[in-house]
Amino acid sequence: MAYKKKTPKSKAWNAFSLYIRAKYADIDGSVKCVTCGKIARWKGDGMQAGHYVNSRCNSVLLNEKIVFPQCVDCNIYKHGNQNQFNFFMLKTHTKEQLEEFENLKHKKKIIKKHEWKELEMMYKEKANYLIQEKEL
């Protein structure tokens with residue numbers, strides 16, 4: 001079985017995803033899915049970092065304003081559970097802001113290899129800080 005080599009972009013994403021889940025974890029290490037309310041452990045198979053904007057482009061991928069904890073069912077099987085995600089986002093953002101977020105998927109953003117590595121290190125540090133602070 002061949003294993004896919006991790007790219008700097010995928011490593012940065014993994015660090016960012018860990019940070020997002022740690023950020024929203026409670027003191028017991030539980031995280032609530034923003035779209036269905038399911039509660040799962042912050043780390044493991046139950047919870048992921050889901051995007052409000054359905055895109056993996058560079059301008060969207062590591063955007064803290066639009067990425068929140070989502071259970072696997074909502075994020076993968078329900079393709080982001082967009083109607084519920086929209087309700088969640090409207091609690092803290094205006095419709096105009098949501099339109100701006102949607103437009104991000106059309107903006108080209110070039111991130112060089114060394115920048116991906118810097119982003120990976122930054123989010124690893126942020127995640128580790130939260131993990132220690134919350135004793136996760």
# chains A, B, ... in the order shown; residues from 1 in each chain; ligands from 1
$ residues_around --residues "Ile66 in chain A" --least-positions-apart "5" --cutoff "10 Å" --atoms "only C-alpha atoms" --output "NGL selection string"
:A and (49-53 or 60-61 or 85 or 89 or 98 or 101-102)
$ select_by_dssp --residues "chain A" --states "alpha helix (DSSP H)" --output "count of residues only"
61
$ residues_around --residues "Val34 in chain A" --least-positions-apart "5" --cutoff "8 Å" --atoms "only C-alpha atoms" --output "MDAnalysis selection string"
chainID A and resid 68:70 85 88
$ write_last_selection --atoms "C-alpha atoms" --output "PDB file, in the first residue's frame"
ATOM      1  CA  PHE A  68     -15.526  25.802  13.220  1.00  0.00           C
ATOM      2  CA  PRO A  69     -15.921  22.379  14.805  1.00  0.00           C
ATOM      3  CA  GLN A  70     -18.208  20.025  12.915  1.00  0.00           C
ATOM      4  CA  PHE A  85     -24.058  26.390   9.189  1.00  0.00           C
ATOM      5  CA  PHE A  88     -24.983  29.468  13.039  1.00  0.00           C
TER       6      PHE A  88
END
$ atom_distance --atom1 "CA of Glu115 in chain A" --atom2 "CA of Tyr129 in chain A"
21.0 Å
$ closest_residue --among "A:Val67, A:Val31, A:Met122, A:Leu62" --to "Lys109 in chain A" --atoms "only C-alpha atoms"
A:Leu62
$ atom_distance --atom1 "CA of Phe87 in chain A" --atom2 "CA of Cys71 in chain A"
16.4 Å
$ closest_residue --among "A:His93, A:His79, A:Lys108, A:Arg41" --to "Asp26 in chain A" --atoms "only C-alpha atoms"
A:Arg41
$ atom_distance --atom1 "CA of Lys78 in chain A" --atom2 "CA of Lys38 in chain A"
13.8 Å
$ residues_around --residues "Ile110 in chain A" --least-positions-apart "3" --cutoff "10 Å" --atoms "only C-alpha atoms" --output "number ranges by chain"
A: 57-59, 107, 113, 115
$ closest_residue --among "A:Thr7, A:Ile20, A:Asp73, A:Ile111" --to "Gly37 in chain A" --atoms "only C-alpha atoms"
A:Asp73
